[in-house]
>>> print(open('upload-v1.txt').read())   # compact mmCIF, C-alpha atoms and all ligand atoms
# COMPACT_ATOMS: atom_id res chain seq x y z
CA MET A 68 -12.12 16.43 6.01
CA PRO A 69 -10.85 14.72 9.19
CA ALA A 70 -7.92 16.28 10.98
CA ILE A 71 -4.45 15.02 10.18
CA ARG A 72 -3.15 12.65 12.81
CA LEU A 73 -0.03 10.65 13.41
CA LEU A 74 -0.52 6.93 12.78
CA PRO A 75 0.13 4.48 15.60
CA ASP A 76 3.50 2.73 15.39
CA GLN A 77 2.04 -0.70 14.75
CA LEU A 78 -0.02 0.58 11.83
CA ILE A 79 3.08 2.23 10.34
CA SER A 80 4.88 -1.12 10.56
CA GLN A 81 1.91 -2.92 9.03
CA ILE A 82 1.92 -0.49 6.12
CA ALA A 83 5.66 -1.04 5.66
CA ALA A 84 5.04 -4.77 5.91
CA GLY A 85 3.11 -4.51 2.64
CA GLU A 86 6.41 -3.88 0.88
CA VAL A 87 8.88 -5.82 3.00
CA VAL A 88 6.72 -8.85 3.78
CA GLU A 89 4.74 -9.31 0.63
CA ARG A 90 4.53 -13.05 1.27
CA PRO A 91 6.24 -15.69 3.46
CA ALA A 92 9.17 -15.91 1.05
CA SER A 93 9.95 -12.21 1.49
CA ALA A 94 10.01 -12.63 5.25
CA LEU A 95 12.30 -15.65 4.83
CA LYS A 96 14.65 -13.62 2.64
CA GLU A 97 14.93 -10.96 5.34
CA LEU A 98 15.60 -13.53 8.08
CA LEU A 99 18.28 -15.22 5.98
CA GLU A 100 19.94 -11.87 5.27
CA ASN A 101 20.01 -11.11 8.98
CA SER A 102 21.68 -14.46 9.69
CA LEU A 103 24.32 -13.78 7.04
CA ASP A 104 24.91 -10.23 8.30
CA ALA A 105 25.51 -11.76 11.75
CA GLY A 106 28.41 -13.78 10.31
CA SER A 107 26.70 -17.18 10.51
CA THR A 108 28.31 -20.21 8.91
CA ASP A 109 25.44 -22.63 9.51
CA ILE A 110 21.80 -21.75 8.90
CA THR A 111 18.75 -24.00 9.24
CA VAL A 112 15.37 -23.06 7.81
CA THR A 113 12.29 -24.90 9.07
CA LEU A 114 8.94 -24.18 7.47
CA LEU A 115 5.40 -25.30 8.19
CA ASN A 116 2.58 -24.99 5.65
CA GLY A 117 4.50 -23.04 3.05
CA GLY A 118 5.92 -20.74 5.70
CA VAL A 119 2.51 -19.33 6.62
CA LYS A 120 2.11 -21.34 9.80
CA GLN A 121 5.78 -21.12 10.69
CA LEU A 122 9.02 -19.71 9.36
CA ARG A 123 11.98 -20.53 11.54
CA VAL A 124 15.59 -19.57 10.88
CA ALA A 125 18.27 -20.80 13.25
CA ASP A 126 21.84 -19.58 12.90
CA ASN A 127 25.22 -19.67 14.63
CA GLY A 128 25.96 -15.96 14.16
CA THR A 129 26.99 -13.35 16.71
CA GLY A 130 23.60 -13.29 18.42
CA VAL A 131 21.73 -10.32 19.83
CA ALA A 132 22.55 -9.00 23.30
CA LYS A 133 19.74 -9.02 25.86
CA ASP A 134 19.45 -5.24 25.88
CA ASP A 135 19.12 -5.17 22.11
CA LEU A 136 16.35 -7.74 21.77
CA ALA A 137 13.47 -5.28 22.03
CA LEU A 138 15.31 -2.88 19.72
CA ALA A 139 15.69 -5.61 17.12
CA LEU A 140 11.90 -5.60 16.83
CA THR A 141 11.69 -1.81 16.73
CA ARG A 142 11.26 0.09 13.49
CA HIS A 143 14.26 2.02 12.19
CA ALA A 144 16.56 0.39 14.72
CA THR A 145 19.63 -1.23 13.18
CA SER A 146 23.15 -2.17 14.20
CA LYS A 147 24.36 -1.92 10.61
CA ILE A 148 24.54 1.79 9.81
CA ALA A 149 24.66 4.97 11.86
CA THR A 150 25.37 7.75 9.35
CA LEU A 151 24.75 8.69 5.74
CA ASP A 152 28.37 7.81 4.97
CA ASP A 153 27.74 4.30 6.30
CA LEU A 154 24.72 4.02 4.04
CA GLU A 155 26.77 4.94 1.02
CA ALA A 156 29.40 2.33 1.84
CA VAL A 157 26.99 -0.31 3.11
CA ALA A 158 28.35 -3.84 2.79
CA SER A 159 25.71 -5.64 4.84
CA LEU A 160 22.56 -7.00 3.24
CA GLY A 161 20.33 -5.16 5.70
CA PHE A 162 20.48 -1.52 6.74
CA ARG A 163 16.91 -0.22 6.94
CA GLY A 164 16.13 -1.59 10.38
CA GLU A 165 12.57 -2.38 9.48
CA ALA A 166 12.32 -6.03 8.48
CA LEU A 167 11.88 -7.57 11.91
CA ALA A 168 9.52 -4.80 13.03
CA SER A 169 7.43 -5.25 9.90
CA ILE A 170 7.36 -9.03 10.20
CA ALA A 171 6.51 -8.85 13.91
CA SER A 172 3.65 -6.43 13.27
CA VAL A 173 1.80 -9.00 11.17
CA SER A 174 2.64 -12.22 13.01
CA ARG A 175 3.45 -13.89 16.29
CA THR A 176 7.23 -13.66 16.44
CA GLN A 177 9.74 -15.06 18.87
CA ILE A 178 13.46 -14.43 19.00
CA ILE A 179 15.79 -16.57 21.07
CA SER A 180 19.34 -15.39 20.98
CA ARG A 181 22.58 -15.86 22.77
CA TYR A 182 25.12 -13.13 22.26
CA GLN A 183 28.70 -14.22 21.87
CA ASP A 184 29.82 -12.99 25.32
CA ASP A 185 26.77 -14.19 27.28
CA HIS A 186 26.44 -17.27 29.46
CA HIS A 187 22.97 -18.14 28.29
CA ALA A 188 20.31 -17.05 25.82
CA TRP A 189 17.30 -14.73 26.13
CA ARG A 190 13.88 -14.96 24.60
CA ILE A 191 11.51 -12.23 23.50
CA GLU A 192 8.04 -12.74 22.08
CA SER A 193 5.74 -10.41 20.28
CA GLU A 194 2.22 -10.70 18.97
CA GLY A 195 1.38 -8.04 16.41
CA SER A 196 4.04 -5.85 18.03
CA ALA A 197 2.88 -6.27 21.64
CA ILE A 198 6.21 -7.26 23.12
CA SER A 199 6.55 -9.68 26.01
CA ALA A 200 9.01 -9.50 28.84
CA ILE A 201 12.45 -10.88 28.14
CA GLU A 202 13.14 -14.24 29.75
CA PRO A 203 16.18 -16.49 30.05
CA ALA A 204 16.35 -19.35 27.56
CA ALA A 205 18.74 -22.11 26.50
CA LEU A 206 20.68 -21.91 23.24
CA GLY A 207 24.23 -22.06 21.96
CA ILE A 208 25.70 -18.87 20.51
CA GLY A 209 23.45 -17.68 17.73
CA THR A 210 19.88 -16.79 17.04
CA ILE A 211 16.56 -18.45 16.31
CA VAL A 212 13.83 -16.30 14.85
CA GLU A 213 10.41 -17.95 14.68
CA VAL A 214 7.56 -16.34 12.84
CA HIS A 215 4.15 -17.90 13.39
CA ASP A 216 0.80 -17.28 11.71
CA LEU A 217 1.86 -14.66 9.23
CA TYR A 218 -0.90 -12.06 8.63
CA PHE A 219 -3.04 -13.46 11.47
CA ASN A 220 -4.10 -9.88 12.27
CA THR A 221 -4.32 -8.59 8.68
CA PRO A 222 -7.09 -10.61 6.99
CA ALA A 223 -6.98 -8.54 3.79
CA ARG A 224 -3.35 -9.54 3.35
CA ARG A 225 -4.00 -13.16 4.24
CA LYS A 226 -6.47 -13.41 1.37
CA PHE A 227 -3.66 -12.80 -1.09
CA LEU A 228 -1.76 -15.86 0.05
CA LYS A 229 -1.71 -18.62 -2.54
CA THR A 230 -1.80 -22.36 -1.90
CA GLU A 231 0.67 -23.93 0.49
CA GLY A 232 2.55 -25.42 -2.46
CA THR A 233 2.89 -22.08 -4.21
CA GLU A 234 4.04 -20.25 -1.10
CA PHE A 235 6.50 -23.03 -0.36
CA GLY A 236 7.82 -22.76 -3.93
CA HIS A 237 8.53 -19.07 -3.40
CA CYS A 238 10.26 -19.83 -0.09
CA GLU A 239 12.38 -22.47 -1.76
CA GLU A 240 13.39 -19.97 -4.42
CA ALA A 241 14.31 -17.39 -1.78
CA PHE A 242 16.41 -20.07 -0.06
CA ARG A 243 18.10 -21.00 -3.35
CA ARG A 244 19.01 -17.39 -4.14
CA VAL A 245 20.72 -16.96 -0.82
CA ALA A 246 22.40 -20.38 -0.82
CA LEU A 247 23.82 -19.82 -4.31
CA SER A 248 25.47 -16.63 -3.16
CA ARG A 249 27.14 -18.06 -0.06
CA PRO A 250 28.85 -21.41 -0.69
CA ASP A 251 30.98 -20.60 2.37
CA VAL A 252 27.93 -21.10 4.57
CA ALA A 253 26.14 -24.40 5.28
CA PHE A 254 22.37 -24.38 4.80
CA MET A 255 19.55 -26.73 5.60
CA LEU A 256 15.93 -26.56 4.50
CA GLN A 257 13.01 -28.45 6.04
CA HIS A 258 9.34 -28.26 5.17
CA ASN A 259 6.56 -29.93 7.17
CA GLY A 260 9.09 -32.20 8.88
CA ARG A 261 10.87 -33.29 5.71
CA ALA A 262 14.52 -32.41 5.11
CA LEU A 263 14.74 -31.07 1.56
CA ALA A 264 18.24 -29.72 1.28
CA ARG A 265 21.49 -30.10 3.18
CA LEU A 266 24.19 -27.96 1.69
CA ASN A 267 27.60 -28.26 3.22
CA ILE A 268 30.23 -25.57 2.84
CA ALA A 269 31.65 -26.05 -0.66
CA ASP A 270 33.42 -24.24 -3.46
CA PRO A 271 31.13 -22.10 -5.63
CA GLN A 272 30.97 -24.50 -8.58
CA LYS A 273 29.97 -27.40 -6.37
CA ARG A 274 27.29 -25.31 -4.66
CA PHE A 275 25.89 -24.15 -8.02
CA GLY A 276 25.67 -27.76 -9.17
CA GLU A 277 23.93 -28.86 -5.98
CA ILE A 278 21.27 -26.23 -6.42
CA LEU A 279 20.91 -25.97 -10.19
CA GLY A 280 21.60 -29.58 -11.06
CA ALA A 281 24.30 -31.68 -12.68
CA GLU A 282 23.11 -30.82 -16.16
CA PHE A 283 23.64 -27.11 -15.57
CA SER A 284 27.15 -27.81 -14.27
CA ALA A 285 28.03 -30.00 -17.21
CA GLU A 286 26.70 -27.52 -19.75
CA SER A 287 28.19 -24.38 -18.22
CA PHE A 288 31.50 -22.59 -18.24
CA ALA A 289 33.13 -20.57 -15.51
CA LEU A 290 34.07 -16.98 -16.15
CA ASP A 291 35.94 -14.35 -14.20
CA GLU A 292 36.61 -11.04 -15.87
CA SER A 293 37.80 -7.78 -14.38
CA ALA A 294 38.25 -4.31 -15.84
CA ALA A 295 38.35 -0.78 -14.45
CA GLY A 296 37.24 -1.72 -10.96
CA LEU A 297 34.45 -4.03 -12.12
CA ARG A 298 34.49 -7.80 -11.77
CA LEU A 299 32.07 -10.33 -13.21
CA TRP A 300 32.40 -13.96 -12.21
CA GLY A 301 30.29 -17.07 -11.94
CA MET A 302 28.97 -19.67 -14.32
CA ALA A 303 26.96 -19.31 -17.47
CA ALA A 304 25.43 -22.05 -19.56
CA LYS A 305 26.43 -22.75 -23.09
CA PRO A 306 23.69 -21.97 -25.56
CA THR A 307 22.94 -25.70 -25.78
CA PHE A 308 21.51 -25.53 -22.27
CA SER A 309 19.00 -22.81 -23.05
CA ARG A 310 15.64 -22.86 -21.28
CA ASN A 311 12.15 -21.97 -22.37
CA ALA A 312 11.65 -19.95 -19.18
CA ARG A 313 13.78 -17.53 -17.23
CA ASP A 314 13.99 -19.99 -14.36
CA THR A 315 17.77 -20.27 -14.07
CA GLN A 316 18.89 -16.67 -14.06
CA TYR A 317 20.63 -15.36 -11.00
CA VAL A 318 22.40 -12.01 -10.87
CA TYR A 319 24.04 -10.62 -7.76
CA VAL A 320 25.51 -7.20 -7.22
CA ASN A 321 28.02 -7.13 -4.38
CA GLY A 322 26.54 -10.37 -3.06
CA ARG A 323 22.94 -9.18 -3.18
CA PHE A 324 20.42 -10.92 -5.46
CA VAL A 325 18.97 -8.28 -7.76
CA ARG A 326 16.59 -7.92 -10.64
CA ASP A 327 18.18 -5.42 -12.91
CA LYS A 328 16.96 -4.61 -16.40
CA LEU A 329 20.27 -3.14 -17.45
CA ILE A 330 22.29 -6.23 -16.54
CA SER A 331 19.65 -8.58 -17.95
CA HIS A 332 19.75 -6.64 -21.19
CA ALA A 333 23.54 -6.84 -21.40
CA ILE A 334 23.45 -10.60 -20.80
CA ARG A 335 20.70 -11.10 -23.34
CA GLN A 336 22.71 -9.15 -25.87
CA ALA A 337 25.83 -11.22 -25.24
CA TYR A 338 23.84 -14.36 -26.04
CA GLN A 339 22.00 -12.78 -28.95
CA ASP A 340 24.00 -14.32 -31.78
CA VAL A 341 24.08 -17.80 -30.30
CA LEU A 342 20.61 -18.23 -28.86
CA HIS A 343 17.26 -18.41 -30.58
CA HIS A 344 15.12 -15.44 -29.55
CA ASP A 345 12.50 -17.49 -27.71
CA ARG A 346 15.08 -19.37 -25.63
CA HIS A 347 16.54 -18.10 -22.36
CA PRO A 348 20.12 -18.43 -21.15
CA ALA A 349 20.93 -19.91 -17.73
CA PHE A 350 23.50 -18.30 -15.44
CA VAL A 351 24.66 -17.43 -11.94
CA LEU A 352 26.66 -14.23 -12.18
CA PHE A 353 28.20 -12.02 -9.55
CA LEU A 354 29.02 -8.42 -10.32
CA GLU A 355 31.37 -6.75 -7.89
CA LEU A 356 32.15 -3.06 -7.78
CA ASP A 357 32.94 -0.33 -5.32
CA THR A 358 29.94 0.30 -3.04
CA SER A 359 30.09 4.02 -3.84
CA LEU A 360 29.23 3.24 -7.48
CA VAL A 361 25.92 1.58 -6.71
CA ASP A 362 22.88 2.67 -4.71
CA VAL A 363 21.13 -0.21 -2.97
CA ASN A 364 18.59 1.98 -1.22
CA VAL A 365 16.05 2.04 -4.02
CA HIS A 366 13.21 -0.10 -2.70
CA PRO A 367 12.36 -1.62 0.72
CA SER A 368 12.83 -5.15 -0.59
CA LYS A 369 16.38 -4.19 -1.73
CA THR A 370 16.22 -6.23 -4.94
CA GLU A 371 16.72 -3.15 -7.13
CA VAL A 372 19.90 -1.17 -7.47
CA ARG A 373 20.92 1.95 -9.32
CA PHE A 374 24.36 2.30 -10.85
CA ARG A 375 26.17 5.59 -10.95
CA ASP A 376 27.39 4.75 -14.45
CA GLY A 377 24.88 2.31 -15.89
CA GLN A 378 26.34 2.46 -19.39
CA ALA A 379 29.78 1.40 -18.15
CA VAL A 380 28.23 -1.54 -16.26
CA HIS A 381 26.24 -2.54 -19.32
CA ARG A 382 29.30 -2.44 -21.59
CA PHE A 383 31.41 -4.36 -19.12
CA VAL A 384 28.88 -7.15 -18.54
CA PHE A 385 28.22 -7.47 -22.25
CA HIS A 386 31.91 -7.67 -23.18
CA ALA A 387 32.85 -10.03 -20.34
CA LEU A 388 30.16 -12.51 -21.28
CA HIS A 389 30.47 -12.06 -25.02
CA LYS A 390 34.18 -12.79 -24.80
CA ALA A 391 33.61 -15.88 -22.66
CA LEU A 392 30.98 -17.15 -25.07
CA ALA A 393 33.36 -16.72 -27.97
CA THR A 394 36.22 -18.71 -26.44
CA PRO A 395 36.45 -22.47 -27.01
CA THR A 396 35.12 -23.49 -23.57
CA GLY A 397 32.11 -21.23 -23.84
CA ALA A 398 31.47 -21.76 -27.50
CA SER A 399 31.86 -25.51 -27.81
CA ASN A 400 28.59 -27.18 -28.77
CA LEU A 401 27.22 -23.92 -30.08
CA VAL A 402 23.90 -24.43 -31.74
CA THR A 403 23.03 -22.12 -34.55
CA ALA A 404 19.71 -20.40 -34.18
CA SER A 405 17.33 -21.73 -36.75
P1 LIG B 501 18.41 -4.52 9.53
O1 LIG B 501 18.81 -5.88 9.08
O2 LIG B 501 18.09 -3.63 8.38
O3 LIG B 501 19.35 -3.90 10.50
P2 LIG B 501 16.21 -5.91 10.84
O4 LIG B 501 14.88 -5.45 11.29
O5 LIG B 501 16.24 -6.98 9.83
O6 LIG B 501 16.99 -4.63 10.30
O7 LIG B 501 17.05 -6.37 12.10
C1 LIG B 501 17.24 -5.44 13.17
C2 LIG B 501 18.52 -5.73 13.94
O8 LIG B 501 18.37 -6.95 14.67
C3 LIG B 501 19.75 -5.92 13.09
O9 LIG B 501 20.38 -4.68 12.79
C4 LIG B 501 20.62 -6.82 13.96
O10 LIG B 501 21.37 -6.05 14.87
C5 LIG B 501 19.62 -7.63 14.76
N1 LIG B 501 19.43 -9.00 14.21
C6 LIG B 501 18.38 -9.44 13.48
N2 LIG B 501 18.51 -10.74 13.17
C7 LIG B 501 19.69 -11.16 13.70
C8 LIG B 501 20.41 -12.41 13.72
N3 LIG B 501 19.94 -13.50 13.11
N4 LIG B 501 21.59 -12.44 14.37
C9 LIG B 501 22.08 -11.32 15.01
N5 LIG B 501 21.45 -10.12 15.01
C10 LIG B 501 20.27 -10.03 14.38
MG MG B 502 17.56 -7.23 8.16
>>> encode(input="upload-v1.txt", output="structure tokens")
Amino acid sequence: MPAIRLLPDQLISQIAAGEVVERPASALKELLENSLDAGSTDITVTLLNGGVKQLRVADNGTGVAKDDLALALTRHATSKIATLDDLEAVASLGFRGEALASIASVSRTQIISRYQDDHHAWRIESEGSAISAIEPAALGIGTIVEVHDLYFNTPARRKFLKTEGTEFGHCEEAFRRVALSRPDVAFMLQHNGRALARLNIADPQKRFGEILGAEFSAESFALDESAAGLRLWGMAAKPTFSRNARDTQYVYVNGRFVRDKLISHAIRQAYQDVLHHDRHPAFVLFLELDTSLVDVNVHPSKTEVRFRDGQAVHRFVFHALHKALATPTGASNLVTAS
């Protein structure tokens, strides 16, 4: 048996990239989260060839200081937490300090950033983690991260990429998830030179309608329920707007898009009496609770959470939605399952 040896840093990042950067859309999600964590109010996404050739996210957030640029690309380097207590109270979307390092290890990445107190911007480039010198650049306050040729140095990974259209579809979905959760931020999406979405700052209901369509808006009711430190708010469709796929189901926990079996089950149960079993409800729901009651550090992609008291969350979500569905606004046009 060969001797045990420590893996080179780049290889460690490439291994981590398997989980964090499964496909272009996962890289896009991480870049968007970074822009939001930096307090941006205007974010532009520009993609080429489904995000494989280029993923570019430009924001007007705080920016990265010159001395921090190389650190931003370094594994386990983050400005968001410093202690275990911070981790338990984490309010930012990122905290693992590995997304940019992972992305950079499997692409040609460039960051141009101007920190809020600086007179001009700085640029750093990396190719598979070989980092260039830092040079002056021109940019207003904010950051542009450009990721080119994803998986150029990991052919095995590249083989798993689907068609341009499919990868773009996943990117669009990642964009939608983020844009739904932050109506207080303006977003723009471009693909291969075509502008596909321009979302101005709006109230939540308007934003939901812009993304999910006028029919969803017309067929949905707003809800906002609170009890014992838990809050559930958002919009859910009346049973008349049921779908034959789970394509309009968005759940967020403390602002973070999640896939959670427990919450999905509670929602499903709330609709049980009013929806035929092969139909799927449509909703955008935000659960808010104290950060100490939920663990977000479950998986590198951060789309899973663990609740301290899952049963209480289940009961609360079920009752909040069940009650809303039973009131006149929610229940009008009820169709009986046949
Ligand atoms: P994390 O988000 O978990 O901290 P990342 O690898 O995604 O880790 O980013 C590393 C660091 O780079 C962040 O902690 C942040 O300080 C900085 N950073 C990344 N993107 C941006 C951005 N768009 N604006 C400002 N700072 C950024
Ligand atoms: Mg991040």
>>> residues_around(input="upload-v1.txt", residues="A:His332", least_positions_apart="5", cutoff="12 Å", atoms="only C-alpha atoms", output="list in words")
Val318, Arg326, Asp327, Ala337, Tyr338, Gln339, His347, Pro348, Gly377, Gln378, Val380, His381, Arg382, Val384, Phe385 and Leu388 of chain A
>>> write_last_selection(input="upload-v1.txt", atoms="C-alpha atoms", output="compact mmCIF listing (two decimals), in the frame of the given file")
# COMPACT_ATOMS: atom_id res chain seq x y z
CA VAL A 318 22.40 -12.01 -10.87
CA ARG A 326 16.59 -7.92 -10.64
CA ASP A 327 18.18 -5.42 -12.91
CA ALA A 337 25.83 -11.22 -25.24
CA TYR A 338 23.84 -14.36 -26.04
CA GLN A 339 22.00 -12.78 -28.95
CA HIS A 347 16.54 -18.10 -22.36
CA PRO A 348 20.12 -18.43 -21.15
CA GLY A 377 24.88 2.31 -15.89
CA GLN A 378 26.34 2.46 -19.39
CA VAL A 380 28.23 -1.54 -16.26
CA HIS A 381 26.24 -2.54 -19.32
CA ARG A 382 29.30 -2.44 -21.59
CA VAL A 384 28.88 -7.15 -18.54
CA PHE A 385 28.22 -7.47 -22.25
CA LEU A 388 30.16 -12.51 -21.28
>>> residues_around(input="upload-v1.txt", residues="A:Arg375", least_positions_apart="3", cutoff="10 Å", atoms="only C-alpha atoms", output="JSON, numbers by chain")
{"A": [359, 360, 361, 362, 372, 378, 379, 380]}
>>> residues_near_ligand(input="upload-v1.txt", ligand="ligand MG 502 (chain B)", cutoff="9 Å", atoms="only C-alpha atoms and all ligand atoms", output="MDAnalysis selection string")
chainID A and resid 96:102 104 145 147 159:167
>>> atom_distance(input="upload-v1.txt", atom1="atom CA of A:Gly209", atom2="atom CA of A:Gln77")
27.5 Å
>>> closest_residue(input="upload-v1.txt", among="A:Asn364, A:Val341, A:Arg243, A:Val320", to="ligand LIG 501 (chain B)", atoms="all atoms listed in the file")
A:Asn364
>>> closest_residue(input="upload-v1.txt", among="A:Ile82, A:Ala241, A:Met68, A:Val212", to="ligand LIG 501 (chain B)", atoms="only C-alpha atoms and all ligand atoms")
A:Val212
>>> atom_distance(input="upload-v1.txt", atom1="atom CA of A:Leu136", atom2="atom CA of A:His187")
13.9 Å
>>> atom_distance(input="upload-v1.txt", atom1="atom CA of A:Leu342", atom2="atom CA of A:Thr394")
15.8 Å
>>> axis_aligned_box(input="upload-v1.txt", around="ligand LIG 501 (chain B)", padding_each_side="8 Å", output="lines of an AutoDock Vina configuration file")
center_x = 18.5
center_y = -8.6
center_z = 11.7
size_x = 23.2
size_y = 25.9
size_z = 22.6
>>> closest_residue(input="upload-v1.txt", among="A:Arg261, A:Arg244, A:Arg181, A:Arg335", to="A:Ala303", atoms="only C-alpha atoms")
A:Arg335
>>> residues_around(input="upload-v1.txt", residues="stretch 288-302 of chain A", least_positions_apart="6", cutoff="8 Å", atoms="all atoms listed in the file", output="ChimeraX atom specification")
/A:272,350-357,380,383-384,387-388,391,396-397
>>> closest_residue(input="upload-v1.txt", among="A:Asp251, A:Asp270, A:Glu240, A:Glu155", to="A:Ile110", atoms="only C-alpha atoms")
A:Asp251
>>> closest_residue(input="upload-v1.txt", among="A:His186, A:Lys226, A:Arg142, A:Arg123", to="ligand LIG 501 (chain B)", atoms="only C-alpha atoms and all ligand atoms")
A:Arg142
>>> closest_residue(input="upload-v1.txt", among="A:Ala349, A:Pro69, A:Glu286, A:Ile201", to="A:Leu138", atoms="only C-alpha atoms")
A:Ile201
>>> residues_around(input="upload-v1.txt", residues="A:Leu115", least_positions_apart="3", cutoff="9 Å", atoms="all atoms listed in the file", output="PyMOL selection string")
chain A and resi 118-123+235+257-260
>>> residues_around(input="upload-v1.txt", residues="A:Phe219", least_positions_apart="4", cutoff="9 Å", atoms="only C-alpha atoms", output="ChimeraX atom specification")
/A:173-175,195,215,225
>>> residues_near_point(input="upload-v1.txt", point="(24.7, -5.1, 21.5)", cutoff="12 Å", atoms="all atoms listed in the file", output="list in words")
Ala105, Thr129, Gly130, Val131, Ala132, Lys133, Asp134, Asp135, Leu136, Ala137, Leu138, Ala139, Ala144, Thr145, Ser146, Lys147, Ser180, Arg181, Tyr182, Gln183, Asp184 and Asp185 of chain A
>>> build_atoms(input="upload-v1.txt", residues="stretch 378-397 of chain A", atoms="N, CA and C atoms", output="PDB file, in the coordinates of the input")
ATOM      1  N   GLN A 378      25.816   2.807 -18.066  1.00  0.00           N
ATOM      2  CA  GLN A 378      26.340   2.460 -19.390  1.00  0.00           C
ATOM      3  C   GLN A 378      27.643   1.674 -19.267  1.00  0.00           C
ATOM      4  N   ALA A 379      28.494   2.090 -18.333  1.00  0.00           N
ATOM      5  CA  ALA A 379      29.780   1.400 -18.150  1.00  0.00           C
ATOM      6  C   ALA A 379      29.532  -0.031 -17.669  1.00  0.00           C
ATOM      7  N   VAL A 380      28.557  -0.200 -16.768  1.00  0.00           N
ATOM      8  CA  VAL A 380      28.230  -1.540 -16.260  1.00  0.00           C
ATOM      9  C   VAL A 380      27.695  -2.398 -17.407  1.00  0.00           C
ATOM     10  N   HIS A 381      26.818  -1.819 -18.192  1.00  0.00           N
ATOM     11  CA  HIS A 381      26.240  -2.540 -19.320  1.00  0.00           C
ATOM     12  C   HIS A 381      27.330  -3.018 -20.278  1.00  0.00           C
ATOM     13  N   ARG A 382      28.196  -2.105 -20.661  1.00  0.00           N
ATOM     14  CA  ARG A 382      29.300  -2.440 -21.590  1.00  0.00           C
ATOM     15  C   ARG A 382      30.174  -3.539 -21.016  1.00  0.00           C
ATOM     16  N   PHE A 383      30.504  -3.392 -19.748  1.00  0.00           N
ATOM     17  CA  PHE A 383      31.410  -4.360 -19.120  1.00  0.00           C
ATOM     18  C   PHE A 383      30.787  -5.764 -19.079  1.00  0.00           C
ATOM     19  N   VAL A 384      29.543  -5.846 -18.639  1.00  0.00           N
ATOM     20  CA  VAL A 384      28.880  -7.150 -18.540  1.00  0.00           C
ATOM     21  C   VAL A 384      28.759  -7.778 -19.926  1.00  0.00           C
ATOM     22  N   PHE A 385      28.357  -6.968 -20.890  1.00  0.00           N
ATOM     23  CA  PHE A 385      28.220  -7.470 -22.250  1.00  0.00           C
ATOM     24  C   PHE A 385      29.557  -8.036 -22.754  1.00  0.00           C
ATOM     25  N   HIS A 386      30.620  -7.240 -22.637  1.00  0.00           N
ATOM     26  CA  HIS A 386      31.910  -7.670 -23.180  1.00  0.00           C
ATOM     27  C   HIS A 386      32.467  -8.888 -22.453  1.00  0.00           C
ATOM     28  N   ALA A 387      32.328  -8.905 -21.125  1.00  0.00           N
ATOM     29  CA  ALA A 387      32.850 -10.030 -20.340  1.00  0.00           C
ATOM     30  C   ALA A 387      32.192 -11.335 -20.791  1.00  0.00           C
ATOM     31  N   LEU A 388      30.889 -11.297 -20.939  1.00  0.00           N
ATOM     32  CA  LEU A 388      30.160 -12.510 -21.280  1.00  0.00           C
ATOM     33  C   LEU A 388      30.328 -12.863 -22.764  1.00  0.00           C
ATOM     34  N   HIS A 389      30.329 -11.862 -23.580  1.00  0.00           N
ATOM     35  CA  HIS A 389      30.470 -12.060 -25.020  1.00  0.00           C
ATOM     36  C   HIS A 389      31.809 -12.735 -25.312  1.00  0.00           C
ATOM     37  N   LYS A 390      32.843 -12.237 -24.636  1.00  0.00           N
ATOM     38  CA  LYS A 390      34.180 -12.790 -24.800  1.00  0.00           C
ATOM     39  C   LYS A 390      34.218 -14.246 -24.341  1.00  0.00           C
ATOM     40  N   ALA A 391      33.613 -14.505 -23.187  1.00  0.00           N
ATOM     41  CA  ALA A 391      33.610 -15.880 -22.660  1.00  0.00           C
ATOM     42  C   ALA A 391      32.847 -16.810 -23.601  1.00  0.00           C
ATOM     43  N   LEU A 392      31.766 -16.325 -24.154  1.00  0.00           N
ATOM     44  CA  LEU A 392      30.980 -17.150 -25.070  1.00  0.00           C
ATOM     45  C   LEU A 392      31.712 -17.431 -26.374  1.00  0.00           C
ATOM     46  N   ALA A 393      32.644 -16.565 -26.706  1.00  0.00           N
ATOM     47  CA  ALA A 393      33.360 -16.720 -27.970  1.00  0.00           C
ATOM     48  C   ALA A 393      34.616 -17.576 -27.843  1.00  0.00           C
ATOM     49  N   THR A 394      35.024 -17.885 -26.617  1.00  0.00           N
ATOM     50  CA  THR A 394      36.220 -18.710 -26.440  1.00  0.00           C
ATOM     51  C   THR A 394      35.820 -20.187 -26.525  1.00  0.00           C
ATOM     52  N   PRO A 395      36.785 -21.061 -26.788  1.00  0.00           N
ATOM     53  CA  PRO A 395      36.450 -22.470 -27.010  1.00  0.00           C
ATOM     54  C   PRO A 395      35.608 -23.106 -25.908  1.00  0.00           C
ATOM     55  N   THR A 396      35.909 -22.850 -24.618  1.00  0.00           N
ATOM     56  CA  THR A 396      35.120 -23.490 -23.570  1.00  0.00           C
ATOM     57  C   THR A 396      33.663 -23.042 -23.603  1.00  0.00           C
ATOM     58  N   GLY A 397      33.478 -21.741 -23.836  1.00  0.00           N
ATOM     59  CA  GLY A 397      32.110 -21.230 -23.840  1.00  0.00           C
ATOM     60  C   GLY A 397      31.387 -21.592 -25.124  1.00  0.00           C
TER      61      GLY A 397
END
